[in-house]
$ cat start_2.csv   # CSV, C-alpha atoms
chain,number,residue,atom,x,y,z
A,19,MET,CA,-94.2,-37.6,119.6
A,20,GLY,CA,-95.5,-35.4,116.8
A,21,THR,CA,-92.2,-33.6,116.2
A,22,VAL,CA,-88.9,-33.8,114.3
A,23,VAL,CA,-85.4,-34.0,115.8
A,24,SER,CA,-82.3,-32.9,113.9
A,25,PHE,CA,-78.6,-33.3,114.7
A,26,ASP,CA,-75.9,-30.8,113.7
A,27,ILE,CA,-72.4,-32.2,114.5
A,28,ARG,CA,-69.5,-29.9,113.9
A,29,ASP,CA,-66.7,-32.4,115.0
A,30,PRO,CA,-64.7,-34.5,112.6
A,31,ALA,CA,-66.5,-37.8,111.9
A,32,THR,CA,-65.2,-40.8,113.9
A,33,PRO,CA,-66.5,-44.3,114.3
A,34,ALA,CA,-67.3,-43.6,117.9
A,35,ILE,CA,-69.4,-40.5,117.0
A,36,GLY,CA,-71.2,-42.5,114.3
A,37,ARG,CA,-72.1,-45.2,116.8
A,38,ALA,CA,-73.2,-42.5,119.3
A,39,LEU,CA,-75.5,-40.9,116.7
A,40,ARG,CA,-77.2,-44.2,116.0
A,41,GLU,CA,-77.5,-44.7,119.7
A,42,ALA,CA,-79.1,-41.2,120.2
A,43,VAL,CA,-81.6,-41.9,117.4
A,44,ALA,CA,-82.5,-45.3,118.9
A,45,TRP,CA,-82.9,-43.5,122.3
A,46,LEU,CA,-85.4,-41.1,120.9
A,47,HIS,CA,-87.4,-43.9,119.2
A,48,HIS,CA,-87.4,-45.6,122.6
A,49,VAL,CA,-88.7,-42.5,124.3
A,50,ASP,CA,-91.5,-42.3,121.7
A,51,GLU,CA,-92.5,-45.9,122.5
A,52,VAL,CA,-92.6,-45.2,126.2
A,53,PHE,CA,-93.9,-41.7,126.5
A,54,SER,CA,-95.8,-40.7,123.4
A,55,THR,CA,-99.4,-39.6,124.0
A,56,TYR,CA,-100.0,-40.1,120.3
A,57,ARG,CA,-99.5,-43.8,120.6
A,58,PRO,CA,-102.3,-45.8,122.4
A,59,ASP,CA,-99.8,-48.6,123.2
A,60,SER,CA,-97.2,-46.4,124.8
A,61,THR,CA,-96.4,-46.9,128.5
A,62,VAL,CA,-97.7,-43.5,129.4
A,63,SER,CA,-100.9,-43.9,127.5
A,64,ARG,CA,-101.6,-47.2,129.2
A,65,LEU,CA,-100.7,-45.7,132.6
A,66,GLY,CA,-103.1,-42.8,131.9
A,67,ARG,CA,-105.9,-45.3,131.2
A,68,GLY,CA,-105.2,-47.1,134.4
A,69,GLU,CA,-104.0,-50.3,132.7
A,70,LEU,CA,-100.6,-50.1,134.4
A,71,ALA,CA,-99.6,-49.3,137.9
A,72,PRO,CA,-96.8,-46.6,138.2
A,73,GLU,CA,-94.5,-49.1,139.9
A,74,ARG,CA,-94.6,-51.4,136.8
A,75,CYS,CA,-93.7,-48.6,134.4
A,76,GLY,CA,-89.9,-48.7,134.8
A,77,ALA,CA,-87.2,-46.4,136.1
A,78,GLU,CA,-87.5,-43.9,133.2
A,79,VAL,CA,-91.1,-43.2,133.8
A,80,THR,CA,-90.5,-42.8,137.5
A,81,GLU,CA,-87.7,-40.4,136.8
A,82,VAL,CA,-89.8,-38.3,134.5
A,83,LEU,CA,-92.8,-38.2,136.8
A,84,GLU,CA,-90.6,-37.1,139.7
A,85,LEU,CA,-89.1,-34.4,137.6
A,86,CYS,CA,-92.7,-33.3,136.7
A,87,GLU,CA,-93.6,-33.1,140.4
A,88,ALA,CA,-90.4,-31.1,141.1
A,89,ALA,CA,-91.2,-28.7,138.3
A,90,ALA,CA,-94.8,-28.2,139.6
A,91,ARG,CA,-93.3,-27.3,143.0
A,92,ALA,CA,-90.7,-25.0,141.6
A,93,THR,CA,-93.3,-23.1,139.5
A,94,GLY,CA,-96.0,-22.9,142.1
A,95,GLY,CA,-98.2,-25.3,140.1
A,96,TRP,CA,-97.8,-23.5,136.7
A,97,PHE,CA,-96.1,-26.6,135.3
A,98,THR,CA,-98.4,-29.6,135.2
A,99,HIS,CA,-98.2,-33.1,133.8
A,100,THR,CA,-101.9,-33.6,134.1
A,101,PRO,CA,-103.4,-30.8,131.9
A,102,GLY,CA,-107.2,-31.0,131.9
A,103,GLY,CA,-106.9,-34.0,134.3
A,104,ARG,CA,-105.2,-36.2,131.7
A,105,LEU,CA,-101.7,-37.6,132.2
A,106,ASP,CA,-99.4,-35.9,129.7
A,107,PRO,CA,-95.7,-35.4,130.8
A,108,SER,CA,-94.7,-34.2,127.3
A,109,GLY,CA,-93.8,-30.8,128.7
A,110,MET,CA,-90.9,-32.5,130.5
A,111,VAL,CA,-90.2,-35.4,128.2
A,112,LYS,CA,-89.0,-33.6,125.1
A,113,GLY,CA,-86.3,-31.5,126.8
A,114,TRP,CA,-85.2,-34.5,128.9
A,115,ALA,CA,-84.9,-36.8,125.9
A,116,VAL,CA,-83.1,-34.2,123.7
A,117,GLU,CA,-80.7,-33.3,126.5
A,118,ARG,CA,-79.8,-37.0,127.0
A,119,ALA,CA,-79.4,-37.5,123.2
A,120,SER,CA,-76.9,-34.6,123.3
A,121,ARG,CA,-75.1,-36.1,126.2
A,122,ILE,CA,-74.7,-39.5,124.3
A,123,LEU,CA,-72.9,-37.6,121.5
A,124,TYR,CA,-70.8,-35.6,123.9
A,125,GLU,CA,-69.6,-38.7,125.8
A,126,ALA,CA,-68.5,-40.2,122.4
A,127,GLY,CA,-66.3,-37.1,121.6
A,128,ALA,CA,-68.8,-34.9,119.8
A,129,HIS,CA,-68.3,-31.7,121.8
A,130,ASN,CA,-69.6,-29.2,119.3
A,131,THR,CA,-73.2,-30.1,118.5
A,132,CYS,CA,-76.7,-28.8,118.1
A,133,VAL,CA,-79.6,-31.2,118.8
A,134,ASN,CA,-82.9,-29.6,117.9
A,135,GLY,CA,-86.2,-31.2,119.0
A,136,GLY,CA,-89.0,-29.4,117.3
A,137,GLY,CA,-87.4,-26.0,118.0
A,138,ASP,CA,-86.2,-26.7,121.5
A,139,ILE,CA,-82.4,-26.9,121.3
A,140,GLN,CA,-79.5,-28.2,123.3
A,141,LEU,CA,-76.2,-26.6,122.2
A,142,ARG,CA,-72.7,-27.8,123.1
A,143,GLY,CA,-69.4,-26.2,122.3
A,144,GLU,CA,-69.2,-23.9,119.3
A,145,ALA,CA,-70.4,-23.7,115.7
A,146,ALA,CA,-66.8,-23.3,114.6
A,147,PRO,CA,-63.6,-22.5,116.5
A,148,GLY,CA,-64.1,-19.2,118.2
A,149,VAL,CA,-67.6,-18.8,116.8
A,150,PRO,CA,-70.7,-19.2,119.0
A,151,TRP,CA,-73.9,-20.9,117.9
A,152,ARG,CA,-76.6,-18.6,116.5
A,153,VAL,CA,-80.3,-19.6,116.9
A,154,GLY,CA,-83.0,-17.5,115.3
A,155,ILE,CA,-86.2,-17.0,117.3
A,156,ALA,CA,-89.2,-16.9,115.0
A,157,HIS,CA,-91.6,-14.0,115.5
A,158,PRO,CA,-94.9,-15.5,116.5
A,159,LEU,CA,-97.0,-12.7,114.9
A,160,ARG,CA,-95.0,-12.1,111.8
A,161,PRO,CA,-94.5,-15.3,109.7
A,162,GLY,CA,-91.0,-15.5,108.2
A,163,ALA,CA,-89.5,-12.9,110.5
A,164,LEU,CA,-87.3,-13.2,113.6
A,165,CYS,CA,-87.7,-11.4,116.8
A,166,ALA,CA,-84.2,-12.2,118.1
A,167,VAL,CA,-81.1,-14.2,117.4
A,168,VAL,CA,-79.6,-16.1,120.4
A,169,THR,CA,-75.9,-16.5,120.5
A,170,GLY,CA,-74.0,-18.8,122.9
A,171,ARG,CA,-72.0,-21.8,123.8
A,172,ASP,CA,-73.2,-24.8,126.0
A,173,LEU,CA,-76.7,-23.4,126.1
A,174,ALA,CA,-80.3,-24.7,126.0
A,175,VAL,CA,-83.0,-22.7,124.1
A,176,ALA,CA,-86.7,-23.5,124.5
A,177,THR,CA,-89.7,-21.7,123.1
A,178,SER,CA,-93.4,-22.1,124.0
A,179,GLY,CA,-95.9,-20.3,121.9
A,180,THR,CA,-99.0,-20.3,119.7
A,181,ALA,CA,-97.3,-19.9,116.3
A,182,GLU,CA,-97.1,-23.6,115.3
A,183,ARG,CA,-99.9,-25.3,117.2
A,184,GLY,CA,-102.2,-22.5,118.2
A,185,PRO,CA,-103.3,-22.0,121.9
A,186,HIS,CA,-102.3,-25.4,123.2
A,187,VAL,CA,-100.7,-24.5,126.6
A,188,LEU,CA,-103.3,-24.6,129.3
A,189,ASP,CA,-103.4,-22.4,132.4
A,190,PRO,CA,-103.4,-25.2,135.0
A,191,HIS,CA,-105.4,-23.0,137.4
A,192,THR,CA,-108.3,-22.4,135.1
A,193,GLY,CA,-108.0,-25.2,132.6
A,194,GLU,CA,-108.3,-22.6,129.8
A,195,PRO,CA,-105.7,-21.9,127.1
A,196,ALA,CA,-103.0,-19.4,128.0
A,197,THR,CA,-103.3,-16.5,125.6
A,198,ALA,CA,-101.6,-13.4,127.1
A,199,LEU,CA,-98.3,-14.3,125.4
A,200,ALA,CA,-97.7,-15.2,121.8
A,201,SER,CA,-94.4,-16.8,122.6
A,202,LEU,CA,-91.8,-17.1,125.4
A,203,THR,CA,-88.2,-18.2,124.9
A,204,LEU,CA,-86.1,-19.3,127.8
A,205,THR,CA,-82.3,-20.0,127.8
A,206,GLY,CA,-80.4,-22.0,130.4
A,207,PRO,CA,-77.7,-24.6,130.8
A,208,GLY,CA,-79.8,-27.8,130.2
A,209,LEU,CA,-82.9,-28.4,128.1
A,210,THR,CA,-84.7,-30.6,130.6
A,211,TRP,CA,-85.4,-27.8,133.0
A,212,THR,CA,-85.3,-25.0,130.4
A,213,ASP,CA,-88.1,-26.5,128.4
A,214,ALA,CA,-90.2,-27.3,131.4
A,215,LEU,CA,-89.8,-23.8,132.9
A,216,ALA,CA,-90.5,-22.2,129.5
A,217,THR,CA,-93.9,-24.0,129.4
A,218,ALA,CA,-94.7,-22.9,132.9
A,219,ALA,CA,-93.7,-19.3,132.2
A,220,PHE,CA,-95.8,-19.2,129.1
A,221,ALA,CA,-98.8,-20.4,131.1
A,222,MET,CA,-98.2,-17.5,133.6
A,223,GLY,CA,-98.9,-14.9,130.9
A,224,HIS,CA,-98.1,-11.4,132.1
A,225,GLY,CA,-96.8,-12.8,135.4
A,226,ALA,CA,-93.9,-14.4,133.6
A,227,ARG,CA,-91.9,-11.2,133.4
A,228,ALA,CA,-91.3,-10.8,137.1
A,229,TRP,CA,-91.0,-14.6,137.7
A,230,THR,CA,-88.3,-15.1,135.0
A,231,ALA,CA,-86.4,-12.0,136.1
A,232,ALA,CA,-86.0,-13.7,139.5
A,233,LEU,CA,-84.5,-16.9,138.1
A,234,ASP,CA,-80.8,-17.3,138.7
A,235,THR,CA,-79.9,-19.7,135.9
A,236,HIS,CA,-82.3,-18.8,133.1
A,237,GLU,CA,-83.1,-15.8,130.9
A,238,ALA,CA,-86.3,-15.0,129.0
A,239,LEU,CA,-87.6,-13.2,126.0
A,240,ALA,CA,-91.3,-12.9,125.3
A,241,VAL,CA,-93.7,-11.5,122.7
A,242,THR,CA,-97.2,-10.6,124.1
A,243,ALA,CA,-100.4,-11.3,122.2
A,244,THR,CA,-100.5,-7.6,121.3
A,245,GLY,CA,-97.0,-7.6,119.9
A,246,GLU,CA,-95.0,-6.1,122.8
A,247,LEU,CA,-91.5,-7.6,123.2
A,248,TRP,CA,-89.7,-7.8,126.5
A,249,ARG,CA,-86.6,-9.6,127.8
A,250,THR,CA,-84.7,-10.2,131.0
A,251,PRO,CA,-81.5,-8.2,131.2
A,252,GLY,CA,-79.2,-11.2,130.7
A,253,PHE,CA,-80.9,-12.7,127.7
A,254,PRO,CA,-78.1,-13.7,125.3
A,255,ALA,CA,-79.4,-12.1,122.1
$ encode --input "start_2.csv" --output "structure tokens"
Amino acid sequence: MGTVVSFDIRDPATPAIGRALREAVAWLHHVDEVFSTYRPDSTVSRLGRGELAPERCGAEVTEVLELCEAAARATGGWFTHTPGGRLDPSGMVKGWAVERASRILYEAGAHNTCVNGGGDIQLRGEAAPGVPWRVGIAHPLRPGALCAVVTGRDLAVATSGTAERGPHVLDPHTGEPATALASLTLTGPGLTWTDALATAAFAMGHGARAWTAALDTHEALAVTATGELWRTPGFPA
């Protein structure tokens, strides 16, 4: 899906963890086959062209589309899986897929892991006994610099921004690229919702500050297009 996924496993290697790692990698390749908008033969691409009916796409597609609709409701329409009128659930799929890959490892006994999907991260356990994970947040306006370091255990970290791909997140209410923020990072318990809500908050622009401050389970840090930095009081940095 146009990104790279890495696995950092801090538990002692066991046959069960080795099998789980292979299963997690196979799962991500399966997700690519089903959901990638870069592949014309993927299930989602065929669905978007009207070649498949939704009920023939399988339980995974149904689950993701239902999650997308729930995210649209939860964000007042700021999250959308039809940007510009084209079916594209990628804003939900990546976090959902990475969180499940992390869970496959956890269930096999890997309780201290970092699964990184193109900069969106699901953390479990610790980096070392008594040592939390540390995740650097790249500064979107200063190449090579960090604007914060997130520390935590059992945490998801998702960033939406313009640094890597330019203005690619659309304001679903206008259809134009969202440009008020240069980046927005959200932390929360699971990457499925953290990633989706980060995308929505980035699209909100300046309205994201009040909206994220009202969230019960997530914290935010943002850099505006003019370089101002703000964070919610509980942001773990």
$ residues_around --input "start_2.csv" --residues "segment 145-157 of chain A" --least-positions-apart "5" --cutoff "8 Å" --atoms "only C-alpha atoms" --output "ChimeraX atom specification"
/A:28,130-131,162-171,203,241
$ write_last_selection --input "start_2.csv" --atoms "C-alpha atoms" --output "mmCIF file, in the coordinates of the input"
data_model
loop_
_atom_site.group_PDB
_atom_site.id
_atom_site.type_symbol
_atom_site.label_atom_id
_atom_site.label_comp_id
_atom_site.auth_asym_id
_atom_site.auth_seq_id
_atom_site.Cartn_x
_atom_site.Cartn_y
_atom_site.Cartn_z
ATOM 1 C CA ARG A 28 -69.500 -29.900 113.900
ATOM 2 C CA ASN A 130 -69.600 -29.200 119.300
ATOM 3 C CA THR A 131 -73.200 -30.100 118.500
ATOM 4 C CA GLY A 162 -91.000 -15.500 108.200
ATOM 5 C CA ALA A 163 -89.500 -12.900 110.500
ATOM 6 C CA LEU A 164 -87.300 -13.200 113.600
ATOM 7 C CA CYS A 165 -87.700 -11.400 116.800
ATOM 8 C CA ALA A 166 -84.200 -12.200 118.100
ATOM 9 C CA VAL A 167 -81.100 -14.200 117.400
ATOM 10 C CA VAL A 168 -79.600 -16.100 120.400
ATOM 11 C CA THR A 169 -75.900 -16.500 120.500
ATOM 12 C CA GLY A 170 -74.000 -18.800 122.900
ATOM 13 C CA ARG A 171 -72.000 -21.800 123.800
ATOM 14 C CA THR A 203 -88.200 -18.200 124.900
ATOM 15 C CA VAL A 241 -93.700 -11.500 122.700
#
$ residues_around --input "start_2.csv" --residues "Met110 of chain A" --least-positions-apart "5" --cutoff "8 Å" --atoms "only C-alpha atoms" --output "list in words"
Val82, Leu85, Cys86, Thr210, Trp211, Asp213 and Ala214 of chain A
$ atom_distance --input "start_2.csv" --atom1 "atom CA of Ala126 of chain A" --atom2 "atom CA of Ile35 of chain A"
5.5 Å
$ residues_around --input "start_2.csv" --residues "Gly206 of chain A" --least-positions-apart "2" --cutoff "8 Å" --atoms "only C-alpha atoms" --output "list in words"
Leu173, Ala174, Val175, Leu204, Gly208, Leu209, Thr212, Thr235, His236 and Glu237 of chain A
$ atom_distance --input "start_2.csv" --atom1 "atom CA of Thr217 of chain A" --atom2 "atom CA of Leu39 of chain A"
28.0 Å
$ residues_around --input "start_2.csv" --residues "segment 44-46 of chain A" --least-positions-apart "2" --cutoff "10 Å" --atoms "only C-alpha atoms" --output "ChimeraX atom specification"
/A:19,23,38-42,48-52,112,115-116,118-119,122
$ closest_residue --input "start_2.csv" --among "A:Thr205, A:Ser178, A:Ser120, A:Thr192" --to "Gly143 of chain A" --atoms "all atoms listed in the file"
A:Ser120
$ residues_around --input "start_2.csv" --residues "segment 95-97 of chain A" --least-positions-apart "6" --cutoff "10 Å" --atoms "all atoms listed in the file" --output "PyMOL selection string"
chain A and resi 86-89+107+109-110+188-191+214-222
$ closest_residue --input "start_2.csv" --among "A:Val187, A:Pro195, A:Tyr124, A:Ala200" --to "Gly36 of chain A" --atoms "all atoms listed in the file"
A:Tyr124
$ closest_residue --input "start_2.csv" --among "A:Leu202, A:Leu141, A:Ala71, A:Val133" --to "Val22 of chain A" --atoms "only C-alpha atoms"
A:Val133
$ atom_distance --input "start_2.csv" --atom1 "atom CA of Gly245 of chain A" --atom2 "atom CA of Leu159 of chain A"
7.1 Å
$ residues_near_point --input "start_2.csv" --point "(-96.2, -45.1, 125.8)" --cutoff "12 Å" --atoms "all atoms listed in the file" --output "ChimeraX atom specification"
/A:19,47-67,69-70,75-76,78-79,105-108,111
